[in-house]
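S.K.: Input structure: target.txt, which contains compact mmCIF, C-alpha atoms.
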```txt
# COMPACT_ATOMS: atom_id res chain seq x y z
CA MET A 1 -45.48 116.61 -82.24
CA TYR A 2 -48.14 117.15 -84.92
CA ILE A 3 -49.65 119.58 -87.42
CA ASP A 4 -53.41 120.17 -87.56
CA PRO A 5 -53.82 121.24 -91.20
CA HIS A 6 -57.52 122.13 -90.96
CA VAL A 7 -58.95 123.80 -87.87
CA HIS A 8 -61.17 126.87 -87.47
CA MET A 9 -59.55 128.58 -84.52
CA VAL A 10 -61.60 131.78 -84.79
CA SER A 11 -64.40 129.63 -83.36
CA ARG A 12 -62.34 128.12 -80.55
CA SER A 13 -61.25 129.31 -77.14
CA THR A 14 -57.82 130.03 -75.73
CA ASP A 15 -58.24 126.86 -73.64
CA ASP A 16 -58.27 124.92 -76.91
CA TYR A 17 -54.96 126.50 -77.91
CA VAL A 18 -53.54 125.42 -74.54
CA HIS A 19 -54.78 121.83 -74.95
CA MET A 20 -53.49 121.65 -78.53
CA ALA A 21 -50.06 123.01 -77.58
CA ARG A 22 -49.76 120.59 -74.67
CA ALA A 23 -50.71 117.71 -76.99
CA GLY A 24 -47.84 118.64 -79.32
CA CYS A 25 -49.41 120.87 -81.94
CA VAL A 26 -46.74 123.06 -83.52
CA ALA A 27 -48.53 124.43 -86.59
CA ILE A 28 -52.04 124.80 -87.94
CA THR A 29 -53.73 125.92 -91.12
CA GLU A 30 -57.14 127.59 -90.98
CA PRO A 31 -59.33 127.62 -94.10
CA ALA A 32 -61.97 130.31 -94.53
CA PHE A 33 -65.41 128.86 -93.84
CA TRP A 34 -69.06 129.48 -93.01
CA ALA A 35 -69.57 131.31 -89.74
CA GLY A 36 -72.84 129.52 -88.96
CA TYR A 37 -74.77 132.41 -90.51
CA ASP A 38 -74.62 134.21 -93.85
CA ARG A 39 -72.61 137.45 -93.85
CA SER A 40 -74.72 140.45 -94.82
CA SER A 41 -72.09 142.08 -97.03
CA PRO A 42 -68.72 141.51 -98.71
CA GLN A 43 -67.32 143.87 -96.05
CA GLY A 44 -68.04 141.12 -93.53
CA PHE A 45 -65.59 138.93 -95.44
CA PHE A 46 -63.02 141.72 -95.58
CA ASP A 47 -63.08 141.83 -91.78
CA TYR A 48 -62.94 138.02 -91.59
CA PHE A 49 -59.91 137.90 -93.91
CA ARG A 50 -58.18 140.46 -91.66
CA GLN A 51 -58.92 138.25 -88.67
CA LEU A 52 -57.42 135.23 -90.45
CA THR A 53 -54.31 137.04 -91.63
CA GLU A 54 -53.62 139.45 -88.76
CA SER A 55 -55.19 138.75 -85.37
CA GLU A 56 -55.47 134.94 -85.33
CA PRO A 57 -51.74 134.38 -86.08
CA ARG A 58 -50.92 136.61 -83.10
CA ARG A 59 -53.31 134.67 -80.87
CA ALA A 60 -51.83 131.32 -81.94
CA ALA A 61 -48.26 132.56 -81.43
CA GLN A 62 -48.97 133.14 -77.75
CA TYR A 63 -49.20 129.34 -77.44
CA GLY A 64 -46.17 128.56 -79.60
CA ILE A 65 -48.32 127.48 -82.56
CA ARG A 66 -47.62 128.75 -86.08
CA HIS A 67 -50.81 129.87 -87.81
CA HIS A 68 -51.43 129.76 -91.57
CA THR A 69 -54.60 130.32 -93.54
CA TRP A 70 -56.53 129.81 -96.80
CA LEU A 71 -58.98 132.31 -98.30
CA CYS A 72 -62.27 131.97 -100.18
CA ILE A 73 -66.01 132.33 -99.88
CA ASN A 74 -67.21 128.94 -98.73
CA PRO A 75 -69.75 126.95 -100.79
CA LYS A 76 -72.50 127.45 -98.20
CA GLU A 77 -72.56 131.13 -99.12
CA ALA A 78 -72.10 130.59 -102.86
CA GLU A 79 -75.77 130.33 -103.84
CA ASP A 80 -75.75 134.05 -104.70
CA PRO A 81 -73.07 134.25 -107.43
CA VAL A 82 -73.07 138.07 -107.62
CA PHE A 83 -72.37 138.35 -103.90
CA ALA A 84 -69.79 135.56 -104.08
CA ARG A 85 -67.89 137.20 -106.92
CA GLU A 86 -67.68 140.45 -104.93
CA VAL A 87 -66.04 138.49 -102.12
CA ILE A 88 -63.66 136.70 -104.51
CA ALA A 89 -62.58 140.11 -105.80
CA LEU A 90 -61.28 140.92 -102.30
CA ILE A 91 -58.94 137.95 -102.20
CA PRO A 92 -56.00 139.00 -104.45
CA ASP A 93 -54.97 141.84 -102.11
CA PHE A 94 -54.86 139.41 -99.18
CA LEU A 95 -52.69 136.93 -101.07
CA LYS A 96 -49.73 139.18 -100.18
CA LYS A 97 -50.12 138.33 -96.48
CA GLU A 98 -47.32 136.04 -95.37
CA ASN A 99 -49.50 133.37 -93.69
CA VAL A 100 -51.78 132.80 -96.73
CA LEU A 101 -51.06 129.39 -98.28
CA GLY A 102 -53.69 129.31 -101.02
CA ILE A 103 -57.39 129.11 -101.84
CA GLY A 104 -59.70 127.18 -99.50
CA GLU A 105 -61.84 125.66 -98.36
CA ILE A 106 -63.66 125.84 -101.67
CA GLY A 107 -65.89 123.13 -103.07
CA LEU A 108 -69.54 122.17 -103.05
CA ASN A 109 -72.17 121.89 -100.32
CA LYS A 110 -75.50 120.85 -101.87
CA ASN A 111 -74.02 120.30 -105.36
CA SER A 112 -75.96 123.14 -107.00
CA ARG A 113 -75.23 124.92 -110.27
CA ASN A 114 -74.43 128.19 -108.52
CA GLU A 115 -72.03 126.46 -106.14
CA MET A 116 -70.32 124.93 -109.18
CA GLU A 117 -70.02 128.34 -110.86
CA ILE A 118 -68.30 129.79 -107.79
CA LEU A 119 -66.10 126.73 -107.37
CA GLU A 120 -64.88 127.27 -110.93
CA ALA A 121 -64.26 130.98 -110.23
CA HIS A 122 -62.04 130.01 -107.28
CA LEU A 123 -60.22 127.39 -109.35
CA GLN A 124 -59.55 130.05 -111.99
CA LEU A 125 -58.10 132.34 -109.31
CA ALA A 126 -55.86 129.55 -108.00
CA SER A 127 -54.76 128.68 -111.53
CA ASP A 128 -53.99 132.30 -112.40
CA HIS A 129 -51.87 132.80 -109.25
CA ASN A 130 -50.35 129.28 -109.13
CA LEU A 131 -51.75 128.67 -105.63
CA LEU A 132 -52.30 125.56 -103.53
CA VAL A 133 -55.96 124.55 -103.22
CA LEU A 134 -57.82 123.07 -100.24
CA VAL A 135 -61.19 121.58 -101.20
CA HIS A 136 -64.19 120.95 -98.95
CA THR A 137 -66.33 117.99 -100.02
CA PRO A 138 -70.04 117.95 -99.14
CA HIS A 139 -71.60 116.41 -96.08
CA LEU A 140 -73.14 112.98 -95.64
CA GLU A 141 -75.43 111.89 -98.50
CA ASP A 142 -74.11 114.65 -100.76
CA LYS A 143 -70.43 113.73 -100.39
CA LEU A 144 -69.97 111.04 -103.04
CA LYS A 145 -71.76 112.95 -105.81
CA GLY A 146 -70.07 116.22 -104.83
CA THR A 147 -66.62 114.71 -104.70
CA LEU A 148 -66.96 113.29 -108.21
CA LEU A 149 -68.30 116.62 -109.55
CA ILE A 150 -65.38 118.46 -107.93
CA LEU A 151 -62.76 116.09 -109.34
CA ASP A 152 -64.24 116.57 -112.81
CA ALA A 153 -64.30 120.36 -112.35
CA ILE A 154 -60.62 120.52 -111.37
CA ARG A 155 -59.75 118.49 -114.44
CA ARG A 156 -61.10 121.40 -116.53
CA PHE A 157 -58.19 123.55 -115.21
CA PRO A 158 -55.11 121.88 -116.70
CA LYS A 159 -52.70 124.31 -115.01
CA LEU A 160 -53.78 122.97 -111.60
CA ASP A 161 -51.44 120.13 -110.66
CA PRO A 162 -53.33 117.44 -108.66
CA GLY A 163 -50.26 117.18 -106.43
CA ARG A 164 -50.97 120.75 -105.28
CA VAL A 165 -54.67 120.15 -104.53
CA LEU A 166 -55.95 118.54 -101.34
CA ILE A 167 -59.46 117.06 -101.32
CA ASP A 168 -60.66 117.13 -97.73
CA HIS A 169 -63.20 115.22 -95.63
CA VAL A 170 -62.73 111.95 -97.53
CA GLU A 171 -64.29 108.79 -96.17
CA GLU A 172 -64.24 105.14 -97.20
CA HIS A 173 -66.39 105.75 -100.31
CA THR A 174 -64.39 108.71 -101.66
CA ALA A 175 -60.73 108.16 -100.70
CA LYS A 176 -59.94 105.88 -103.64
CA HIS A 177 -61.54 108.25 -106.19
CA VAL A 178 -59.32 111.07 -104.92
CA LEU A 179 -56.08 109.11 -104.71
CA ASP A 180 -56.55 107.42 -108.09
CA ARG A 181 -56.61 110.85 -109.76
CA GLY A 182 -53.35 111.91 -108.12
CA PHE A 183 -54.78 114.35 -105.55
CA TRP A 184 -53.94 114.53 -101.87
CA CYS A 185 -56.68 113.63 -99.45
CA GLY A 186 -57.56 114.75 -95.94
CA MET A 187 -59.56 112.86 -93.34
CA THR A 188 -61.54 114.90 -90.87
CA LEU A 189 -61.93 113.45 -87.39
CA TYR A 190 -65.41 114.27 -86.10
CA PRO A 191 -67.36 112.72 -83.22
CA ASP A 192 -70.52 111.97 -85.25
CA THR A 193 -70.08 112.81 -88.91
CA LYS A 194 -67.07 112.22 -91.19
CA CYS A 195 -64.35 109.90 -89.72
CA THR A 196 -63.66 108.75 -86.21
CA PRO A 197 -59.96 108.34 -85.36
CA GLN A 198 -60.48 104.57 -85.59
CA ARG A 199 -61.94 104.74 -89.11
CA ALA A 200 -59.25 107.15 -90.24
CA VAL A 201 -56.60 104.62 -89.24
CA ASP A 202 -58.61 101.91 -91.03
CA ILE A 203 -58.45 104.02 -94.21
CA ILE A 204 -54.67 104.38 -93.89
CA GLU A 205 -54.37 100.61 -93.47
CA THR A 206 -56.55 100.10 -96.56
CA TYR A 207 -55.31 102.80 -98.95
CA GLY A 208 -51.78 103.53 -97.69
CA SER A 209 -50.11 106.61 -96.29
CA GLU A 210 -48.56 108.29 -99.32
CA ARG A 211 -50.78 111.36 -99.95
CA ILE A 212 -53.00 111.53 -96.91
CA TRP A 213 -53.35 113.59 -93.73
CA MET A 214 -55.69 113.91 -90.76
CA ASN A 215 -57.26 117.02 -89.29
CA SER A 216 -59.72 117.98 -86.59
CA ALA A 217 -61.64 120.64 -88.55
CA GLY A 218 -62.55 121.93 -85.09
CA ASP A 219 -65.11 124.73 -85.42
CA TRP A 220 -68.24 126.14 -83.73
CA GLY A 221 -70.08 122.80 -84.00
CA HIS A 222 -69.65 119.45 -82.26
CA SER A 223 -65.95 118.83 -82.90
CA ASP A 224 -62.71 118.03 -81.11
CA PRO A 225 -59.64 120.25 -81.57
CA ILE A 226 -57.34 117.54 -80.18
CA ALA A 227 -58.66 114.79 -82.44
CA VAL A 228 -55.33 114.41 -84.28
CA PRO A 229 -53.35 113.34 -81.17
CA LYS A 230 -56.21 110.94 -80.39
CA ALA A 231 -55.68 109.37 -83.83
CA GLN A 232 -51.96 109.16 -83.06
CA MET A 233 -52.87 107.23 -79.90
CA GLU A 234 -55.10 104.94 -81.96
CA MET A 235 -52.24 104.17 -84.36
CA ARG A 236 -49.91 103.37 -81.44
CA ARG A 237 -52.61 101.21 -79.81
CA ARG A 238 -52.67 99.06 -82.94
CA GLY A 239 -48.89 98.74 -83.05
CA HIS A 240 -48.15 100.97 -86.03
CA LEU A 241 -44.57 102.17 -86.26
CA GLU A 242 -43.78 105.58 -84.81
CA SER A 243 -42.39 106.57 -88.21
CA LEU A 244 -45.83 106.02 -89.77
CA VAL A 245 -47.53 108.02 -87.01
CA ARG A 246 -45.14 110.88 -87.66
CA GLN A 247 -45.55 110.62 -91.43
CA VAL A 248 -49.32 111.05 -91.52
CA THR A 249 -49.58 113.64 -88.72
CA PHE A 250 -46.47 115.72 -89.42
CA GLY A 251 -44.40 114.73 -92.46
CA ASN A 252 -47.24 114.51 -94.98
CA PRO A 253 -48.90 117.84 -94.13
CA GLN A 254 -45.47 119.47 -94.01
CA ARG A 255 -44.65 118.06 -97.47
CA PHE A 256 -47.89 119.23 -99.07
CA LEU A 257 -48.06 122.63 -97.38
CA SER A 258 -44.39 123.45 -98.00
CA GLN A 259 -45.21 123.65 -101.71
CA SER A 260 -46.68 127.08 -100.88
CA GLY A 261 -43.23 128.39 -99.95
CA ARG A 262 -44.80 129.97 -96.86
CA PHE A 263 -45.43 127.09 -94.48
CA SER A 264 -43.32 126.55 -91.37
CA ALA A 265 -43.52 124.02 -88.56
CA GLU A 266 -40.30 125.20 -86.93
CA PRO A 267 -40.50 125.51 -83.12
CA LEU A 268 -41.96 128.83 -82.08
CA ARG A 269 -41.30 130.36 -78.68
CA PRO A 270 -44.66 131.49 -77.26
CA THR A 271 -44.99 135.23 -77.56
CA ALA A 272 -46.32 137.61 -74.95
CA PRO A 273 -49.79 139.08 -75.51
CA ASP A 274 -49.69 142.36 -77.40
CA ILE A 275 -51.23 144.75 -74.88
CA THR A 276 -51.37 147.55 -77.44
CA ARG A 277 -54.14 145.75 -79.37
CA MET B 278 -51.56 108.12 -112.28
CA SER B 279 -51.95 104.47 -111.34
CA GLU B 280 -54.95 103.33 -109.35
CA VAL B 281 -54.65 102.64 -105.64
CA THR B 282 -55.47 99.02 -104.86
CA PRO B 283 -57.28 98.65 -101.54
CA ASN B 284 -55.31 96.44 -99.18
CA LEU B 285 -57.98 94.39 -97.47
CA ASN B 286 -55.56 92.11 -95.68
CA HIS B 287 -53.35 94.54 -93.79
CA SER B 288 -53.60 95.08 -90.08
CA PRO B 289 -50.77 95.18 -87.58
CA MET B 290 -53.02 93.29 -85.17
CA THR B 291 -54.11 89.66 -85.20
CA ARG B 292 -57.80 88.82 -85.43
CA ALA B 293 -57.83 87.95 -81.71
CA GLN B 294 -56.09 91.21 -80.82
CA VAL B 295 -58.69 93.23 -82.74
CA VAL B 296 -61.49 91.48 -80.87
CA ASP B 297 -59.73 91.92 -77.53
CA ALA B 298 -59.18 95.62 -78.18
CA TYR B 299 -62.56 96.58 -79.62
CA PHE B 300 -65.24 94.08 -78.59
CA MET B 301 -66.51 95.91 -75.51
CA GLU B 302 -66.64 99.26 -77.32
CA HIS B 303 -68.62 97.81 -80.22
CA ARG B 304 -70.86 95.68 -78.00
CA ALA B 305 -71.96 98.97 -76.47
CA ARG B 306 -72.52 100.56 -79.91
CA LEU B 307 -74.55 97.54 -81.04
CA LEU B 308 -76.76 97.88 -77.98
CA ASP B 309 -77.19 101.58 -78.85
CA VAL B 310 -78.55 100.55 -82.26
CA ALA B 311 -80.98 98.13 -80.66
CA ALA B 312 -82.05 100.72 -78.10
CA PHE B 313 -82.62 103.30 -80.85
CA LEU B 314 -84.94 100.92 -82.72
CA ASP B 315 -86.76 100.07 -79.45
CA ARG B 316 -87.17 103.79 -78.76
CA ILE B 317 -88.82 104.28 -82.13
CA ASP B 318 -91.20 101.39 -81.39
CA ARG B 319 -92.16 102.93 -78.04
CA ALA B 320 -92.85 106.26 -79.69
CA GLY B 321 -96.11 104.94 -81.09
CA PRO B 322 -97.57 104.24 -84.51
CA GLY B 323 -96.23 105.72 -87.72
CA THR B 324 -94.19 104.85 -90.77
CA ASP B 325 -90.47 105.06 -91.43
CA ASP B 326 -89.24 108.05 -93.40
CA PHE B 327 -86.47 107.81 -96.03
CA ARG B 328 -83.79 108.00 -93.35
CA MET B 329 -85.06 104.99 -91.44
CA ASN B 330 -85.66 103.05 -94.64
CA ALA B 331 -82.00 103.63 -95.48
CA TYR B 332 -80.97 102.77 -91.91
CA ARG B 333 -82.72 99.41 -92.03
CA GLY B 334 -81.11 98.73 -95.43
CA ALA B 335 -77.73 99.52 -93.93
CA ILE B 336 -78.30 97.05 -91.09
CA ALA B 337 -79.12 94.34 -93.63
CA LEU B 338 -75.87 95.12 -95.46
CA LEU B 339 -73.90 94.37 -92.28
CA LEU B 340 -74.97 90.75 -92.45
CA ASP B 341 -74.41 90.00 -96.15
CA GLY B 342 -70.97 88.51 -95.56
CA GLN B 343 -69.26 90.72 -98.17
CA PRO B 344 -66.13 92.88 -97.52
CA GLN B 345 -65.81 96.68 -97.41
CA ARG B 346 -69.02 97.15 -95.46
CA THR B 347 -68.22 100.75 -94.52
CA ARG B 348 -67.66 101.88 -98.10
CA ARG B 349 -70.75 100.06 -99.32
CA MET B 350 -72.89 101.43 -96.48
CA LEU B 351 -71.80 104.99 -97.25
CA GLU B 352 -72.62 104.43 -100.92
CA LEU B 353 -76.05 103.10 -99.93
CA LEU B 354 -76.72 106.31 -98.00
CA SER B 355 -75.48 108.57 -100.84
CA ASP B 356 -77.32 110.56 -103.50
CA PRO B 357 -76.86 108.45 -106.66
CA SER B 358 -77.49 111.32 -109.11
CA THR B 359 -74.60 112.75 -111.11
CA THR B 360 -75.54 116.28 -112.24
CA PRO B 361 -75.76 119.52 -110.22
CA ILE B 362 -79.18 120.43 -108.83
CA ALA B 363 -80.83 123.63 -110.07
CA ALA B 364 -80.52 125.47 -106.74
CA ALA B 365 -79.72 124.78 -103.10
CA HIS B 366 -82.76 125.53 -100.93
CA VAL B 367 -81.19 124.31 -97.67
CA LYS B 368 -77.62 124.22 -96.38
CA GLY B 369 -77.72 121.06 -94.25
CA ALA B 370 -77.69 117.34 -94.95
CA THR B 371 -79.89 114.61 -93.48
CA GLY B 372 -77.52 111.64 -93.53
CA ALA B 373 -79.46 109.61 -96.10
CA HIS B 374 -80.58 110.18 -99.67
CA ASP B 375 -84.21 111.25 -100.00
CA PRO B 376 -85.42 109.52 -103.19
CA ILE B 377 -88.34 111.92 -103.63
CA GLY B 378 -86.26 114.99 -102.89
CA LYS B 379 -88.30 116.61 -100.10
CA ALA B 380 -85.16 117.25 -98.05
CA HIS B 381 -83.51 119.28 -100.80
```
Before anything else, please render the file you have as structure tokens.
M.R.:
Amino acid sequence: MYIDPHVHMVSRSTDDYVHMARAGCVAITEPAFWAGYDRSSPQGFFDYFRQLTESEPRRAAQYGIRHHTWLCINPKEAEDPVFAREVIALIPDFLKKENVLGIGEIGLNKNSRNEMEILEAHLQLASDHNLLVLVHTPHLEDKLKGTLLILDAIRRFPKLDPGRVLIDHVEEHTAKHVLDRGFWCGMTLYPDTKCTPQRAVDIIETYGSERIWMNSAGDWGHSDPIAVPKAQMEMRRRGHLESLVRQVTFGNPQRFLSQSGRFSAEPLRPTAPDITR
Amino acid sequence: MSEVTPNLNHSPMTRAQVVDAYFMEHRARLLDVAAFLDRIDRAGPGTDDFRMNAYRGAIALLLDGQPQRTRRMLELLSDPSTTPIAAAHVKGATGAHDPIGKAH
């Protein structure tokens, strides 16, 4: 049994839901992200937020998987601050939806001034509504600088408790910075970039298992929606205790996400397709 | 919040067990590195760009005998600047820091 706390199911097939369910996935959380192209209007985000809060939970339920989500405009579309603020203005109405856990995945992409302005606007929204925050850290050569800028930015919002903020996509050079400041950290298991399952287990061995989880971040790119059970296999291969495997792939995400008051990993009987939709 | 001390001496496996479990997999990956460099040589004359300069620096780091190679290699490949850039002109990343900034 496991939770995948970061996976973009709108980009995945029903076969992926089948494989995930068979591998023991009982609950997922899906942050709002870049679609691979820039939306042409804020209305495009309105439709996307409806997909995340209405249709995707129904699709997941057909496979016995509980679906939760996070809302934002992602940093890749934050270079136009006027556009981004129009999208942010849509979010408060969607916060009433029962599967919304918080704001995410916000953060930085190329570490620009405009991205920082929109990151701070999201942090203000989370602070005002006392919401959990899921943070995307930049890719590859931009990750270390971006992570440090993000940690400093969050510090400027004293109402945001680090224990309610998860900094995602950490690797060996950023995990300690995140943990030392009291935040949670997520490791993303990707075939080429970010962490392999083997390196993710190395990081747990090096930095401990207290405030850390693993996710697949499966999306429209080269990614693996059953990466988390592969990391479970890697932990067992090395002889780690089953209690540790369960902690980092179920107990830890459940502990962090339950702070929202809306997260559930209770068994869900697969529902029949809704033929009226 | 107290700092997390890296535990560099914890593995549930013995040294021999790690080698038994992973040698063949990483022998193959090492050969991939060699084959990649050979492929570049066969591609004809030219000079390394910033990515390959960083790549060759990373290979040298593997052999320096110091611990935490993965963290240090990632730091070597990272942008060392500390302030936001004026504007993002591209969305993607190249995998290595471009010291003259053409990639950004």
S.K.: Got a sec: who's within 12 Å of A:Thr196, counting only C-alpha atoms, leaving out chain neighbours fewer than 4 positions off, as a PyMOL selection string?
M.R.: chain A and resi 169-172+187-192+200-203+214-216+223-224+227-228+230-231+234
S.K.: Got a sec: who's within 9 Å of A:Thr14, counting all atoms listed in the file, leaving out chain neighbours fewer than 5 positions off, as a list in words?
M.R.: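 Once the adjacent positions are removed, what remains is His19, Arg59, Ala60 and Tyr63 of chain A.
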S.K.: Residues of chain A were defined as contacting chain B if any atom lay at most 10 Å from it, counting only C-alpha atoms; please report them as a ChimeraX atom specification.
M.R.: /A:75-79,108-116,138-146,148-149,171-183,193,199,202-208,235,237-241
S.K.: I'd like the interatomic distance between atom CA of A:Glu105 and atom CA of A:His222, to a tenth of an Å.
M.R.: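 So the two atoms, atom CA of A:Glu105 and atom CA of A:His222, lie 18.9 Å apart.
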S.K.: Once 4 Å is added on each side, what centre and edge lengths in Å to one decimal does the axis-aligned box around all listed atoms of stretch 364-372 of chain B have, as lines of an AutoDock Vina configuration file?
M.R.:
```
center_x = -80.1
center_y = 118.6
center_z = -100.1
size_x = 13.2
size_y = 21.9
size_z = 21.3
```
S.K.: One number please: atom CA of A:Gly44 to atom CA of A:Val7, in Å, one decimal.
M.R.: 20.4 Å
S.K.: Can you pull out the residues contacting A:Ala272? Cut-off 9 Å, using only C-alpha atoms, and skip same-chain residues under 2 positions away; I want them as number ranges by chain.
M.R.: A: 61-62, 270, 274-275
S.K.: What is the distance between atom CA of A:Ala217 and atom CA of A:Glu30, in Å to one decimal?
M.R.: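 That distance, rounded to one decimal, is 8.6 Å.
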S.K.: Select, counting all atoms listed in the file, all protein, DNA and RNA residues no farther than 6 Å from (-64.5, 121.0, -103.4) in file coordinates, and express the selection as a short mmCIF file (atom, residue, chain, number, x, y, z; two decimals) with C-alpha atoms, in the coordinates of the input.
M.R.:
```
data_model
loop_
_atom_site.label_atom_id
_atom_site.label_comp_id
_atom_site.auth_asym_id
_atom_site.auth_seq_id
_atom_site.Cartn_x
_atom_site.Cartn_y
_atom_site.Cartn_z
CA ILE A 106 -63.66 125.84 -101.67
CA GLY A 107 -65.89 123.13 -103.07
CA LEU A 108 -69.54 122.17 -103.05
CA VAL A 135 -61.19 121.58 -101.20
CA HIS A 136 -64.19 120.95 -98.95
CA THR A 137 -66.33 117.99 -100.02
CA ILE A 150 -65.38 118.46 -107.93
#
```
S.K.: What would the list of residues within 10 Å of (-51.0, 135.8, -95.5) (file frame) look like as JSON, numbers by chain, if all atoms listed in the file are what count?
M.R.: {"A": [49, 50, 52, 53, 54, 57, 67, 68, 69, 70, 71, 93, 94, 95, 96, 97, 98, 99, 100, 101, 102, 262]}
S.K.: Using only C-alpha atoms, which of A:Cys195, A:Leu166, A:Leu119, A:Cys72 sits nearest A:Pro253?
M.R.: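 Ranking A:Cys195, A:Leu166, A:Leu119, A:Cys72 by distance to A:Pro253, first place goes to A:Leu166.
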S.K.: Output stretch 329-345 of chain B with N, CA and C atoms present, as a CSV table (one decimal), in the frame of the given file.
M.R.:
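Just written: result-v8.csv:
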```csv
chain,number,residue,atom,x,y,z
B,329,MET,N,-85.0,106.3,-92.1
B,329,MET,CA,-85.1,105.0,-91.4
B,329,MET,C,-85.1,103.8,-92.4
B,330,ASN,N,-85.7,104.1,-93.6
B,330,ASN,CA,-85.7,103.0,-94.6
B,330,ASN,C,-84.2,102.7,-95.0
B,331,ALA,N,-83.4,103.8,-95.2
B,331,ALA,CA,-82.0,103.6,-95.5
B,331,ALA,C,-81.3,103.0,-94.3
B,332,TYR,N,-81.6,103.3,-93.1
B,332,TYR,CA,-81.0,102.8,-91.9
B,332,TYR,C,-81.2,101.3,-91.8
B,333,ARG,N,-82.4,100.8,-92.1
B,333,ARG,CA,-82.7,99.4,-92.0
B,333,ARG,C,-82.0,98.7,-93.2
B,334,GLY,N,-81.9,99.3,-94.3
B,334,GLY,CA,-81.1,98.7,-95.4
B,334,GLY,C,-79.6,98.6,-95.1
B,335,ALA,N,-79.1,99.6,-94.3
B,335,ALA,CA,-77.7,99.5,-93.9
B,335,ALA,C,-77.5,98.4,-92.9
B,336,ILE,N,-78.4,98.2,-92.1
B,336,ILE,CA,-78.3,97.0,-91.1
B,336,ILE,C,-78.3,95.7,-91.8
B,337,ALA,N,-79.1,95.6,-92.9
B,337,ALA,CA,-79.1,94.3,-93.6
B,337,ALA,C,-77.8,94.1,-94.3
B,338,LEU,N,-77.2,95.2,-94.8
B,338,LEU,CA,-75.9,95.1,-95.5
B,338,LEU,C,-74.8,94.6,-94.5
B,339,LEU,N,-74.9,94.9,-93.2
B,339,LEU,CA,-73.9,94.4,-92.3
B,339,LEU,C,-73.8,92.9,-92.3
B,340,LEU,N,-74.9,92.2,-92.6
B,340,LEU,CA,-75.0,90.8,-92.4
B,340,LEU,C,-74.9,90.0,-93.8
B,341,ASP,N,-74.4,90.7,-94.8
B,341,ASP,CA,-74.4,90.0,-96.2
B,341,ASP,C,-73.1,89.2,-96.4
B,342,GLY,N,-72.2,89.3,-95.5
B,342,GLY,CA,-71.0,88.5,-95.6
B,342,GLY,C,-69.9,89.0,-96.6
B,343,GLN,N,-70.2,90.2,-97.2
B,343,GLN,CA,-69.3,90.7,-98.2
B,343,GLN,C,-68.3,91.7,-97.5
B,344,PRO,N,-67.1,91.9,-98.1
B,344,PRO,CA,-66.1,92.9,-97.5
B,344,PRO,C,-66.5,94.3,-97.8
B,345,GLN,N,-65.7,95.2,-97.2
B,345,GLN,CA,-65.8,96.7,-97.4
B,345,GLN,C,-67.2,97.2,-97.1
```
